[in-house]
Amino acid sequence: MMHYDLIVIGSGPAGEKGAAKAAYYGKKVAVVERASYLGGTGLNTGTIPSKTLRETALYFSGLKQRGLYGIDYSLKQGLTVSHLMHREAQVIETERCIVEENLRRHAIELIRGDAYFLDASTICLRETGERITADTFLLATGSTPYHPPGIPIDHQTIYDSDSILRMDSIPSSLLVLGAGVVGIEYASLFAALDVQVTVVDVRDAILPMLDNEIRDRLQRYLEELGVKFSLGKRYSSVSVSDGSVRVELEDGGLLRAEKALFAAGRRACTSGMGLEEVGVQISSRGEVQVNDRFETTVKGIYAAGDVIGRPGLASFAMEQARMAMIYALNLEYRESCSSVMPFAIYAIPELSMAGLTEEECKRQGIEYAVGRALYRNNPRGQIIGDETGMLKLVFRRSDRIVIGVHIIGELASELIHLGAEAISYQRPLDSFLSAVYNYPTLTDLYKYAAYDGLGVLERNS
Ligand SMILES: Cc1cc2nc3c(=O)[nH]c(=O)nc-3n(C[C@H](O)[C@H](O)[C@H](O)COP(=O)(O)OP(=O)(O)OC[C@H]3O[C@@H](n4cnc5c(N)ncnc54)[C@H](O)[C@@H]3O)c2cc1C
């Protein structure tokens, strides 16, 4: 029977990075993967494909160029799904090779199979019955789309976030059920392709984690793009009739569209793994319970990524897995990761945030002020034609320390890191003023938001 220092179950972002960390420090590591491809949701159906499709949609729609060159750019005529998917397939293939190469470079053994636990130190592969033992395990089995009863997700008319990538034609209309990150990303992507999109959610606001001002800006932009919102409404039935989707609302309303995307939630992959039988505690939502060292209720079995629940992001999954391995293998070179975790939403336009929103400051009784800079007043913003973008700094009045950064606009997910670092190292607004940035750049928005913030303080003093 093969024995390893560490067995990682799952080759998604958490599994790959956790395995690499342990192997880098000389441990004998194996990754077990049941899918025929490496990379998990992150690479195959979630993060990478949706971001690639976003770029493809922007390219074919000409949305970024409209109005920029005095030419009327519009959607490419006769656009087909295979046009859309061409680039996605290339990127995924390359990324899969990169993961494979990373495992190879770290001398990590890749074992194909569906793993379940026999006891706290032995797993078995369902297909072959082979048993493998290890001193330590990392559960990185991720999540799959949640399918609630009553929603007939048939992957032909009503899709989930995995099967939407296999849509056979671009519909004329799409209902997006769920106004969370995945729902809004796909809603904006399809709207850019001139699909008539309606977003439905029982909550009365999209993306509740966003700063209100940023959310309002986003919603206005999406409405200009043609997206309709049916918020604060519960649906009583979702059905497919005559080849199209029919959603009846409890208030008597009726919504119809050619296709629908159900994008309301994911479920941790834990079933059939014998976890509870070996003592790993699972929450009522099906997520693996871990302590602050990412160790489950069984000594030596760690878990990271979507399988432990929120926030359900690849960026967090990778960092959690690295931290889990640092704790598990007593690698003492670092003790924590930054408490300031940026968060991006790759809608059109892009959004990103770190730290506190204005609303959170109010709830926590923090005396704060805000500085803003608009992309349209920034030369780089003008050059790229971003009319909606805004960078907003939230800072404490007493010492001007930056406590929140919120960005909507081109490259928001890249720009955020400078602000996140300022929050992390508790830097005041003034640090942006003394810095020198390339010109013209969007980074300069930080400087002008800081000036604006100082102006706000002076006016109110
Ligand atoms: C549409 C969409 C867009 C997203 N966009 C972003 C984004 O922009 N940024 C971001 O940070 N995150 C994004 N995410 C979230 C991100 O994809 C996940 O948080 C991330 O993939 C979680 O990584 P993971 O390693 O925990 O699990 P996964 O990526 O789900 O990988 C788990 C792996 O474990 C394998 N596995 C499961 N059970 C077993 C078993 N018993 N035996 C062997 N193998 C097993 C699976 O086959 C899979 O390969 C998005 C998700 C979706 C759905």
# chains A, B, ... in the order shown; residues from 1 in each chain; ligands from 1
>>> residues_around(residues="Ile184 of chain A", least_positions_apart="3", cutoff="12 Å", atoms="only C-alpha atoms", output="ChimeraX atom specification")
/A:50,54,161,175-181,187-191,197-201,205-208,215,218-219,222,227-229,261-264,345-351
>>> residues_near_ligand(ligand="ligand 1", cutoff="7 Å", atoms="only C-alpha atoms and all ligand atoms", output="ChimeraX atom specification")
/A:9-15,32-35,38-43,45-47,50-51,113-116,140-144,161-162,182,269-270,273,304-307,312-317,344-346
>>> atom_distance(atom1="atom CA of Ile48 of chain A", atom2="atom CA of Cys97 of chain A")
13.8 Å
>>> select_by_dssp(residues="segment 265-440 of chain A", states="strand (DSSP E)", output="PyMOL selection string")
chain A and resi 266-268+301-303+343-345+351-355+368-374+390-396+402-408
>>> residues_around(residues="segment 366-378 of chain A", least_positions_apart="4", cutoff="10 Å", atoms="only C-alpha atoms", output="number ranges by chain")
A: 358, 360-362, 382-410, 429, 439-457, 460
>>> write_last_selection(atoms="N, CA and C atoms", output="compact mmCIF listing (two decimals), in the first residue's frame")
# COMPACT_ATOMS: atom_id res chain seq x y z
N GLU A 358 -19.11 52.12 3.31
CA GLU A 358 -19.66 53.23 4.12
C GLU A 358 -20.70 52.69 5.09
N GLU A 360 -20.94 49.75 6.44
CA GLU A 360 -20.33 49.04 7.57
C GLU A 360 -19.76 50.04 8.58
N CYS A 361 -19.16 51.13 8.08
CA CYS A 361 -18.63 52.15 8.99
C CYS A 361 -19.76 52.70 9.87
N LYS A 362 -20.90 52.96 9.22
CA LYS A 362 -22.03 53.50 10.00
C LYS A 362 -22.46 52.51 11.06
N GLN A 382 -10.00 58.61 -19.80
CA GLN A 382 -10.49 59.25 -21.04
C GLN A 382 -10.03 58.45 -22.26
N ILE A 383 -8.76 58.07 -22.25
CA ILE A 383 -8.20 57.38 -23.41
C ILE A 383 -8.95 56.08 -23.67
N ILE A 384 -9.24 55.34 -22.58
CA ILE A 384 -9.91 54.05 -22.79
C ILE A 384 -11.42 54.22 -22.88
N GLY A 385 -11.91 55.42 -22.63
CA GLY A 385 -13.34 55.70 -22.82
C GLY A 385 -14.22 55.13 -21.71
N ASP A 386 -13.67 55.03 -20.49
CA ASP A 386 -14.49 54.53 -19.38
C ASP A 386 -15.22 55.70 -18.73
N GLU A 387 -16.50 55.78 -18.99
CA GLU A 387 -17.31 56.92 -18.53
C GLU A 387 -17.96 56.66 -17.17
N THR A 388 -18.01 55.39 -16.78
CA THR A 388 -18.74 55.04 -15.55
C THR A 388 -17.83 54.86 -14.34
N GLY A 389 -16.55 54.65 -14.58
CA GLY A 389 -15.65 54.23 -13.51
C GLY A 389 -15.50 55.22 -12.37
N MET A 390 -15.29 54.68 -11.19
CA MET A 390 -15.05 55.53 -10.01
C MET A 390 -14.19 54.75 -9.01
N LEU A 391 -13.27 55.46 -8.37
CA LEU A 391 -12.51 54.88 -7.27
C LEU A 391 -12.87 55.66 -6.02
N LYS A 392 -13.17 54.95 -4.98
CA LYS A 392 -13.66 55.60 -3.77
C LYS A 392 -12.84 55.12 -2.57
N LEU A 393 -12.29 56.06 -1.83
CA LEU A 393 -11.52 55.72 -0.63
C LEU A 393 -12.36 56.05 0.59
N VAL A 394 -12.44 55.13 1.52
CA VAL A 394 -13.12 55.39 2.80
C VAL A 394 -12.00 55.46 3.84
N PHE A 395 -11.98 56.54 4.63
CA PHE A 395 -10.90 56.67 5.62
C PHE A 395 -11.43 57.21 6.93
N ARG A 396 -10.65 56.91 8.01
CA ARG A 396 -11.08 57.40 9.34
C ARG A 396 -10.82 58.89 9.42
N ARG A 397 -11.78 59.62 9.95
CA ARG A 397 -11.62 61.07 10.08
C ARG A 397 -10.48 61.42 11.03
N SER A 398 -10.36 60.68 12.11
CA SER A 398 -9.43 61.06 13.17
C SER A 398 -7.97 61.04 12.70
N ASP A 399 -7.57 60.01 11.95
CA ASP A 399 -6.15 59.90 11.58
C ASP A 399 -5.94 59.69 10.08
N ARG A 400 -7.02 59.78 9.32
CA ARG A 400 -6.99 59.67 7.84
C ARG A 400 -6.50 58.29 7.36
N ILE A 401 -6.52 57.29 8.25
CA ILE A 401 -6.11 55.94 7.85
C ILE A 401 -7.17 55.36 6.90
N VAL A 402 -6.68 54.78 5.79
CA VAL A 402 -7.59 54.21 4.79
C VAL A 402 -8.19 52.91 5.35
N ILE A 403 -9.52 52.80 5.32
CA ILE A 403 -10.17 51.59 5.86
C ILE A 403 -11.05 50.89 4.82
N GLY A 404 -11.22 51.52 3.66
CA GLY A 404 -12.00 50.86 2.62
C GLY A 404 -11.66 51.41 1.25
N VAL A 405 -11.64 50.54 0.25
CA VAL A 405 -11.44 50.98 -1.13
C VAL A 405 -12.47 50.27 -2.00
N HIS A 406 -13.13 51.03 -2.85
CA HIS A 406 -14.20 50.48 -3.69
C HIS A 406 -14.03 51.02 -5.09
N ILE A 407 -13.96 50.10 -6.05
CA ILE A 407 -13.70 50.55 -7.42
C ILE A 407 -14.71 49.92 -8.36
N ILE A 408 -15.24 50.74 -9.25
CA ILE A 408 -16.03 50.21 -10.37
C ILE A 408 -15.37 50.77 -11.62
N GLY A 409 -15.08 49.91 -12.58
CA GLY A 409 -14.47 50.40 -13.81
C GLY A 409 -13.39 49.45 -14.29
N GLU A 410 -12.88 49.80 -15.46
CA GLU A 410 -11.85 48.98 -16.11
C GLU A 410 -10.69 48.69 -15.15
N LEU A 429 -4.28 58.54 4.03
CA LEU A 429 -4.51 59.08 2.68
C LEU A 429 -3.26 59.70 2.11
N TYR A 439 2.37 58.18 -15.55
CA TYR A 439 1.34 59.06 -16.09
C TYR A 439 1.24 58.83 -17.60
N PRO A 440 0.11 58.68 -18.19
CA PRO A 440 -1.20 58.61 -17.54
C PRO A 440 -1.52 57.18 -17.10
N THR A 441 -2.01 57.04 -15.91
CA THR A 441 -2.43 55.72 -15.41
C THR A 441 -3.71 55.83 -14.61
N LEU A 442 -4.38 54.69 -14.52
CA LEU A 442 -5.56 54.63 -13.66
C LEU A 442 -5.14 54.65 -12.19
N THR A 443 -3.92 54.22 -11.90
CA THR A 443 -3.44 54.24 -10.51
C THR A 443 -3.50 55.65 -9.94
N ASP A 444 -3.31 56.63 -10.81
CA ASP A 444 -3.37 58.03 -10.40
C ASP A 444 -4.71 58.38 -9.75
N LEU A 445 -5.73 57.56 -10.01
CA LEU A 445 -7.04 57.79 -9.39
C LEU A 445 -6.91 57.83 -7.87
N TYR A 446 -5.97 57.03 -7.34
CA TYR A 446 -5.78 57.01 -5.88
C TYR A 446 -5.38 58.39 -5.38
N LYS A 447 -4.47 59.04 -6.13
CA LYS A 447 -3.99 60.35 -5.70
C LYS A 447 -5.15 61.35 -5.68
N TYR A 448 -5.96 61.31 -6.75
CA TYR A 448 -7.04 62.31 -6.84
C TYR A 448 -8.17 62.02 -5.87
N ALA A 449 -8.38 60.73 -5.57
CA ALA A 449 -9.38 60.39 -4.54
C ALA A 449 -8.88 60.88 -3.18
N ALA A 450 -7.56 60.78 -2.96
CA ALA A 450 -6.98 61.23 -1.70
C ALA A 450 -7.11 62.76 -1.58
N TYR A 451 -6.80 63.47 -2.68
CA TYR A 451 -6.98 64.94 -2.66
C TYR A 451 -8.44 65.28 -2.35
N ASP A 452 -9.33 64.56 -3.02
CA ASP A 452 -10.76 64.82 -2.80
C ASP A 452 -11.12 64.58 -1.33
N GLY A 453 -10.58 63.50 -0.76
CA GLY A 453 -10.85 63.19 0.64
C GLY A 453 -10.36 64.29 1.56
N LEU A 454 -9.15 64.79 1.29
CA LEU A 454 -8.61 65.87 2.12
C LEU A 454 -9.49 67.11 2.01
N GLY A 455 -9.96 67.36 0.77
CA GLY A 455 -10.85 68.50 0.55
C GLY A 455 -12.13 68.36 1.37
N VAL A 456 -12.66 67.16 1.42
CA VAL A 456 -13.88 66.91 2.19
C VAL A 456 -13.62 67.24 3.66
N LEU A 457 -12.47 66.80 4.17
CA LEU A 457 -12.15 67.07 5.58
C LEU A 457 -12.06 68.56 5.83
N ASN A 460 -15.34 70.34 5.90
CA ASN A 460 -16.16 70.01 7.06
C ASN A 460 -15.52 70.39 8.39
>>> closest_residue(among="A:Gln320, A:Ser173, A:Thr56, A:Asn438", to="Ile308 of chain A", atoms="only C-alpha atoms")
A:Gln320
>>> decode(residues="segment 149-160 of chain A", atoms="all heavy atoms", output="PDB file, in the first residue's frame")
ATOM      1  N   PRO A 149     -35.050  21.858  -5.167  1.00  0.00           N
ATOM      2  CA  PRO A 149     -36.224  21.183  -5.728  1.00  0.00           C
ATOM      3  C   PRO A 149     -37.148  22.219  -6.369  1.00  0.00           C
ATOM      4  O   PRO A 149     -37.203  23.368  -5.923  1.00  0.00           O
ATOM      5  CB  PRO A 149     -36.891  20.548  -4.488  1.00  0.00           C
ATOM      6  CG  PRO A 149     -36.236  21.156  -3.298  1.00  0.00           C
ATOM      7  CD  PRO A 149     -34.942  21.754  -3.704  1.00  0.00           C
ATOM      8  N   GLY A 150     -37.809  21.850  -7.416  1.00  0.00           N
ATOM      9  CA  GLY A 150     -38.776  22.770  -8.033  1.00  0.00           C
ATOM     10  C   GLY A 150     -38.202  23.598  -9.165  1.00  0.00           C
ATOM     11  O   GLY A 150     -38.932  24.327  -9.840  1.00  0.00           O
ATOM     12  N   ILE A 151     -36.882  23.547  -9.360  1.00  0.00           N
ATOM     13  CA  ILE A 151     -36.305  24.276 -10.510  1.00  0.00           C
ATOM     14  C   ILE A 151     -35.826  23.215 -11.504  1.00  0.00           C
ATOM     15  O   ILE A 151     -34.842  22.509 -11.237  1.00  0.00           O
ATOM     16  CB  ILE A 151     -35.109  25.162 -10.091  1.00  0.00           C
ATOM     17  CG1 ILE A 151     -35.430  26.000  -8.856  1.00  0.00           C
ATOM     18  CG2 ILE A 151     -34.614  26.001 -11.266  1.00  0.00           C
ATOM     19  CD1 ILE A 151     -36.024  27.341  -9.084  1.00  0.00           C
ATOM     20  N   PRO A 152     -36.516  23.077 -12.635  1.00  0.00           N
ATOM     21  CA  PRO A 152     -36.150  22.004 -13.579  1.00  0.00           C
ATOM     22  C   PRO A 152     -34.911  22.362 -14.414  1.00  0.00           C
ATOM     23  O   PRO A 152     -35.020  22.764 -15.575  1.00  0.00           O
ATOM     24  CB  PRO A 152     -37.394  21.872 -14.459  1.00  0.00           C
ATOM     25  CG  PRO A 152     -38.049  23.215 -14.392  1.00  0.00           C
ATOM     26  CD  PRO A 152     -37.676  23.857 -13.102  1.00  0.00           C
ATOM     27  N   ILE A 153     -33.748  22.209 -13.777  1.00  0.00           N
ATOM     28  CA  ILE A 153     -32.497  22.544 -14.490  1.00  0.00           C
ATOM     29  C   ILE A 153     -32.190  21.389 -15.447  1.00  0.00           C
ATOM     30  O   ILE A 153     -31.702  20.341 -15.044  1.00  0.00           O
ATOM     31  CB  ILE A 153     -31.355  22.773 -13.476  1.00  0.00           C
ATOM     32  CG1 ILE A 153     -31.727  23.954 -12.570  1.00  0.00           C
ATOM     33  CG2 ILE A 153     -30.021  23.017 -14.184  1.00  0.00           C
ATOM     34  CD1 ILE A 153     -30.825  24.159 -11.385  1.00  0.00           C
ATOM     35  N   ASP A 154     -32.543  21.579 -16.724  1.00  0.00           N
ATOM     36  CA  ASP A 154     -32.405  20.480 -17.690  1.00  0.00           C
ATOM     37  C   ASP A 154     -31.170  20.642 -18.578  1.00  0.00           C
ATOM     38  O   ASP A 154     -30.904  19.824 -19.443  1.00  0.00           O
ATOM     39  CB  ASP A 154     -33.675  20.391 -18.559  1.00  0.00           C
ATOM     40  CG  ASP A 154     -33.917  21.698 -19.321  1.00  0.00           C
ATOM     41  OD1 ASP A 154     -33.113  22.654 -19.163  1.00  0.00           O
ATOM     42  OD2 ASP A 154     -34.904  21.792 -20.075  1.00  0.00           O
ATOM     43  N   HIS A 155     -30.423  21.732 -18.367  1.00  0.00           N
ATOM     44  CA  HIS A 155     -29.190  22.015 -19.116  1.00  0.00           C
ATOM     45  C   HIS A 155     -29.443  22.199 -20.612  1.00  0.00           C
ATOM     46  O   HIS A 155     -28.523  22.090 -21.420  1.00  0.00           O
ATOM     47  CB  HIS A 155     -28.127  20.926 -18.884  1.00  0.00           C
ATOM     48  CG  HIS A 155     -27.912  20.619 -17.428  1.00  0.00           C
ATOM     49  ND1 HIS A 155     -27.411  21.538 -16.542  1.00  0.00           N
ATOM     50  CD2 HIS A 155     -28.157  19.500 -16.700  1.00  0.00           C
ATOM     51  CE1 HIS A 155     -27.352  20.998 -15.332  1.00  0.00           C
ATOM     52  NE2 HIS A 155     -27.806  19.766 -15.404  1.00  0.00           N
ATOM     53  N   GLN A 156     -30.702  22.427 -20.984  1.00  0.00           N
ATOM     54  CA  GLN A 156     -31.017  22.721 -22.387  1.00  0.00           C
ATOM     55  C   GLN A 156     -31.774  24.034 -22.500  1.00  0.00           C
ATOM     56  O   GLN A 156     -31.583  24.813 -23.422  1.00  0.00           O
ATOM     57  CB  GLN A 156     -31.861  21.599 -22.980  1.00  0.00           C
ATOM     58  CG  GLN A 156     -31.013  20.402 -23.285  1.00  0.00           C
ATOM     59  CD  GLN A 156     -31.790  19.232 -23.798  1.00  0.00           C
ATOM     60  OE1 GLN A 156     -33.016  19.187 -23.675  1.00  0.00           O
ATOM     61  NE2 GLN A 156     -31.090  18.280 -24.365  1.00  0.00           N
ATOM     62  N   THR A 157     -32.644  24.244 -21.503  1.00  0.00           N
ATOM     63  CA  THR A 157     -33.388  25.502 -21.462  1.00  0.00           C
ATOM     64  C   THR A 157     -33.057  26.250 -20.179  1.00  0.00           C
ATOM     65  O   THR A 157     -32.879  27.464 -20.188  1.00  0.00           O
ATOM     66  CB  THR A 157     -34.907  25.223 -21.524  1.00  0.00           C
ATOM     67  OG1 THR A 157     -35.141  24.337 -22.605  1.00  0.00           O
ATOM     68  CG2 THR A 157     -35.695  26.498 -21.751  1.00  0.00           C
ATOM     69  N   ILE A 158     -32.954  25.507 -19.081  1.00  0.00           N
ATOM     70  CA  ILE A 158     -32.515  26.114 -17.813  1.00  0.00           C
ATOM     71  C   ILE A 158     -31.147  25.518 -17.456  1.00  0.00           C
ATOM     72  O   ILE A 158     -30.987  24.308 -17.346  1.00  0.00           O
ATOM     73  CB  ILE A 158     -33.520  25.851 -16.679  1.00  0.00           C
ATOM     74  CG1 ILE A 158     -34.919  26.342 -17.096  1.00  0.00           C
ATOM     75  CG2 ILE A 158     -33.060  26.534 -15.395  1.00  0.00           C
ATOM     76  CD1 ILE A 158     -35.986  26.210 -16.038  1.00  0.00           C
ATOM     77  N   TYR A 159     -30.192  26.421 -17.327  1.00  0.00           N
ATOM     78  CA  TYR A 159     -28.801  26.001 -17.108  1.00  0.00           C
ATOM     79  C   TYR A 159     -28.357  26.335 -15.689  1.00  0.00           C
ATOM     80  O   TYR A 159     -28.941  27.195 -15.028  1.00  0.00           O
ATOM     81  CB  TYR A 159     -27.870  26.745 -18.082  1.00  0.00           C
ATOM     82  CG  TYR A 159     -28.124  26.429 -19.527  1.00  0.00           C
ATOM     83  CD1 TYR A 159     -29.101  27.106 -20.239  1.00  0.00           C
ATOM     84  CD2 TYR A 159     -27.379  25.456 -20.185  1.00  0.00           C
ATOM     85  CE1 TYR A 159     -29.344  26.822 -21.569  1.00  0.00           C
ATOM     86  CE2 TYR A 159     -27.608  25.165 -21.518  1.00  0.00           C
ATOM     87  CZ  TYR A 159     -28.589  25.850 -22.206  1.00  0.00           C
ATOM     88  OH  TYR A 159     -28.818  25.555 -23.532  1.00  0.00           O
ATOM     89  N   ASP A 160     -27.272  25.687 -15.247  1.00  0.00           N
ATOM     90  CA  ASP A 160     -26.589  26.142 -14.034  1.00  0.00           C
ATOM     91  C   ASP A 160     -25.252  26.747 -14.456  1.00  0.00           C
ATOM     92  O   ASP A 160     -24.956  26.836 -15.655  1.00  0.00           O
ATOM     93  CB  ASP A 160     -26.461  25.003 -12.999  1.00  0.00           C
ATOM     94  CG  ASP A 160     -25.585  23.856 -13.498  1.00  0.00           C
ATOM     95  OD1 ASP A 160     -24.771  24.060 -14.418  1.00  0.00           O
ATOM     96  OD2 ASP A 160     -25.728  22.736 -12.954  1.00  0.00           O
TER      97      ASP A 160
END
